[in-house]
file structure-v2.pdb (PDB, C-alpha atoms)
ATOM      1  CA  VAL A   1     -19.118   0.364  11.263
ATOM      2  CA  CYS A   2     -17.990  -1.887  14.076
ATOM      3  CA  SER A   3     -15.056  -1.037  16.360
ATOM      4  CA  SER A   4     -13.206  -4.102  15.029
ATOM      5  CA  ASP A   5     -13.460  -3.158  11.331
ATOM      6  CA  LEU A   6     -10.017  -2.818   9.783
ATOM      7  CA  LEU A   7      -9.198  -0.193   7.167
ATOM      8  CA  PHE A   8      -6.041  -0.637   5.086
ATOM      9  CA  VAL A   9      -4.919   2.414   3.077
ATOM     10  CA  PHE A  10      -1.918   2.173   0.757
ATOM     11  CA  LEU A  11       0.184   4.258  -1.642
ATOM     12  CA  ARG A  12       1.676   2.989  -4.901
ATOM     13  CA  LYS A  13       3.017   4.208  -8.198
ATOM     14  CA  PRO A  14       0.298   3.980 -10.899
ATOM     15  CA  GLY A  15       0.091   0.457 -12.342
ATOM     16  CA  ASP A  16       2.262  -1.131  -9.637
ATOM     17  CA  VAL A  17       1.165  -4.342  -7.907
ATOM     18  CA  GLY A  18       2.588  -6.233  -4.954
ATOM     19  CA  GLN A  19       3.915  -4.561  -1.835
ATOM     20  CA  PRO A  20       2.846  -0.907  -1.623
ATOM     21  CA  LEU A  21       5.268   1.951  -1.021
ATOM     22  CA  ALA A  22       3.424   2.890   2.176
ATOM     23  CA  ALA A  23       0.533   1.436   4.148
ATOM     24  CA  VAL A  24      -1.619   2.346   7.130
ATOM     25  CA  ARG A  25      -3.859  -0.096   9.017
ATOM     26  CA  ILE A  26      -6.353   1.394  11.422
ATOM     27  CA  LEU A  27      -9.532   0.412  13.199
ATOM     28  CA  ALA A  28     -12.322   2.326  11.493
ATOM     29  CA  ASP A  29     -14.888   3.702  13.916
ATOM     30  CA  ARG A  30     -16.706   6.092  11.561
ATOM     31  CA  PHE A  31     -16.970   7.290   7.966
ATOM     32  CA  PRO A  32     -16.036   9.652   6.473
ATOM     33  CA  MET A  33     -12.598   9.733   8.025
ATOM     34  CA  SER A  34      -9.151  11.076   7.199
ATOM     35  CA  VAL A  35      -6.047   8.916   7.265
ATOM     36  CA  ARG A  36      -2.551  10.366   7.334
ATOM     37  CA  VAL A  37       0.507   8.529   6.047
ATOM     38  CA  GLN A  38       3.340   9.236   8.477
ATOM     39  CA  PRO A  39       7.084   8.702   7.885
ATOM     40  CA  GLY A  40       6.928   5.394   9.803
ATOM     41  CA  ASN A  41       4.286   4.050   7.385
ATOM     42  CA  TRP A  42       6.697   3.855   4.440
ATOM     43  CA  LEU A  43       7.579   0.236   3.624
ATOM     44  CA  GLN A  44      10.071   1.277   0.951
ATOM     45  CA  GLN A  45      12.168   4.363   0.264
ATOM     46  CA  PRO A  46       9.789   7.283  -0.462
ATOM     47  CA  PRO A  47       9.940   8.359  -4.106
ATOM     48  CA  ALA A  48      11.342  11.704  -5.214
ATOM     49  CA  PRO A  49       9.059  14.733  -4.822
ATOM     50  CA  GLY A  50       6.767  15.091  -7.828
ATOM     51  CA  THR A  51       6.514  11.322  -8.453
ATOM     52  CA  ALA A  52       2.971  10.315  -9.438
ATOM     53  CA  LEU A  53       1.324   8.184  -6.730
ATOM     54  CA  VAL A  54      -2.095   6.658  -6.217
ATOM     55  CA  ALA A  55      -3.930   5.793  -3.006
ATOM     56  CA  GLY A  56      -6.227   2.825  -2.524
ATOM     57  CA  ALA A  57      -8.069   1.198   0.356
ATOM     58  CA  ARG A  58      -9.555  -2.092   1.513
ATOM     59  CA  TYR A  59     -12.024  -2.502   4.316
ATOM     60  CA  ALA A  60     -12.650  -5.709   6.283
ATOM     61  CA  THR A  61     -16.240  -5.938   7.522
ATOM     62  CA  ALA A  62     -16.261  -9.256   9.391
ATOM     63  CA  PRO A  63     -14.628 -10.027  12.754
ATOM     64  CA  GLY A  64     -11.246 -11.677  12.294
ATOM     65  CA  GLN A  65     -11.209 -10.914   8.569
ATOM     66  CA  GLY A  66      -7.819  -9.685   7.349
ATOM     67  CA  VAL A  67      -7.330  -7.005   4.737
ATOM     68  CA  ASP A  68      -6.465  -9.706   2.174
ATOM     69  CA  GLN A  69     -10.056 -10.968   2.446
ATOM     70  CA  ALA A  70     -11.605  -7.489   2.516
ATOM     71  CA  ALA A  71     -14.981  -7.377   0.831
ATOM     72  CA  VAL A  72     -15.066  -3.591   0.402
ATOM     73  CA  THR A  73     -12.483  -1.773  -1.700
ATOM     74  CA  ALA A  74     -11.825   1.667  -3.152
ATOM     75  CA  GLU A  75     -10.534   2.230  -6.654
ATOM     76  CA  ASN A  76      -7.067   3.729  -6.721
ATOM     77  CA  GLN A  77      -7.137   7.521  -6.921
ATOM     78  CA  PRO A  78      -4.282   9.859  -7.854
ATOM     79  CA  LEU A  79      -2.719  11.954  -5.127
ATOM     80  CA  SER A  80      -2.755  15.653  -5.874
ATOM     81  CA  GLY A  81      -1.686  18.877  -4.232
ATOM     82  CA  PRO A  82       1.641  20.454  -3.331
ATOM     83  CA  ASP A  83       4.519  18.234  -2.184
ATOM     84  CA  GLY A  84       4.174  17.605   1.536
ATOM     85  CA  ALA A  85       0.383  18.040   1.371
ATOM     86  CA  LEU A  86      -0.732  15.420  -1.164
ATOM     87  CA  SER A  87      -4.238  14.045  -0.752
ATOM     88  CA  ALA A  88      -6.798  11.760  -2.368
ATOM     89  CA  THR A  89     -10.477  11.073  -1.710
ATOM     90  CA  LEU A  90     -11.331   7.362  -1.681
ATOM     91  CA  ARG A  91     -14.861   5.991  -1.857
ATOM     92  CA  LEU A  92     -15.304   2.477  -0.504
ATOM     93  CA  ARG A  93     -17.670   0.167  -2.408
TER      94      ARG A  93
END
call {"tool": "encode", "arguments": {"input": "structure-v2.pdb", "output": "structure tokens"}}
result
Amino acid sequence: VCSSDLLFVFLRKPGDVGQPLAAVRILADRFPMSVRVQPGNWLQQPPAPGTALVAGARYATAPGQGVDQAAVTAENQPLSGPDGALSATLRLR
């Protein structure tokens, strides 16, 4: 992992495409790592509590490469746990 590698983590409703509900872009300096979605990361109105959501990720491994050209991705995984403490484990490939 290089200090300039960009990790893009997003939340969506299952089966949705296009703009995610929430997204976090961070410089990845190590793996494994935890990423929190904060209130400011929501790009749309958060869904009602109990709404099924999935998390996914893309990882850019070349300098200057944007997340749209990311060569490493994680399959979407369902979020689980109590409202306010939802989590998912993503494995980048």
call {"tool": "resolve_selection", "arguments": {"input": "structure-v2.pdb", "expression": "the PyMOL selection byres ((chain A and resi 88) around 10)", "output": "mmCIF file with C-alpha atoms, keeping the file's coordinate frame"}}
result
data_model
loop_
_atom_site.group_PDB
_atom_site.id
_atom_site.type_symbol
_atom_site.label_atom_id
_atom_site.label_comp_id
_atom_site.auth_asym_id
_atom_site.auth_seq_id
_atom_site.Cartn_x
_atom_site.Cartn_y
_atom_site.Cartn_z
ATOM 1 C CA SER A 34 -9.151 11.076 7.199
ATOM 2 C CA LEU A 53 1.324 8.184 -6.730
ATOM 3 C CA VAL A 54 -2.095 6.658 -6.217
ATOM 4 C CA ALA A 55 -3.930 5.793 -3.006
ATOM 5 C CA GLY A 56 -6.227 2.825 -2.524
ATOM 6 C CA ASN A 76 -7.067 3.729 -6.721
ATOM 7 C CA GLN A 77 -7.137 7.521 -6.921
ATOM 8 C CA PRO A 78 -4.282 9.859 -7.854
ATOM 9 C CA LEU A 79 -2.719 11.954 -5.127
ATOM 10 C CA SER A 80 -2.755 15.653 -5.874
ATOM 11 C CA GLY A 81 -1.686 18.877 -4.232
ATOM 12 C CA LEU A 86 -0.732 15.420 -1.164
ATOM 13 C CA SER A 87 -4.238 14.045 -0.752
ATOM 14 C CA THR A 89 -10.477 11.073 -1.710
ATOM 15 C CA LEU A 90 -11.331 7.362 -1.681
ATOM 16 C CA ARG A 91 -14.861 5.991 -1.857
#
call {"tool": "resolve_selection", "arguments": {"input": "structure-v2.pdb", "expression": "the PyMOL selection byres ((chain A and resi 6-13) around 6)", "output": "list in words"}}
result
Asp5, Pro14, Asp16, Pro20, Leu21, Ala22, Ala23, Val24, Arg25, Ile26, Leu27, Ala28, Leu53, Val54, Ala55, Gly56, Ala57, Arg58, Tyr59 and Ala60 of chain A
call {"tool": "atom_distance", "arguments": {"input": "structure-v2.pdb", "atom1": "CA of Pro39 (chain A)", "atom2": "CA of Arg93 (chain A)"}}
result
28.1 Å
call {"tool": "residues_around", "arguments": {"input": "structure-v2.pdb", "residues": "Pro49 (chain A)", "least_positions_apart": "6", "cutoff": "10 Å", "atoms": "all atoms listed in the file", "output": "list in words"}}
result
Pro82, Asp83 and Gly84 of chain A
call {"tool": "write_last_selection", "arguments": {"input": "structure-v2.pdb", "atoms": "C-alpha atoms", "output": "compact mmCIF listing (two decimals), in the coordinates of the input"}}
result
# COMPACT_ATOMS: atom_id res chain seq x y z
CA PRO A 82 1.64 20.45 -3.33
CA ASP A 83 4.52 18.23 -2.18
CA GLY A 84 4.17 17.60 1.54
call {"tool": "atom_distance", "arguments": {"input": "structure-v2.pdb", "atom1": "CA of Ala52 (chain A)", "atom2": "CA of Met33 (chain A)"}}
result
23.4 Å
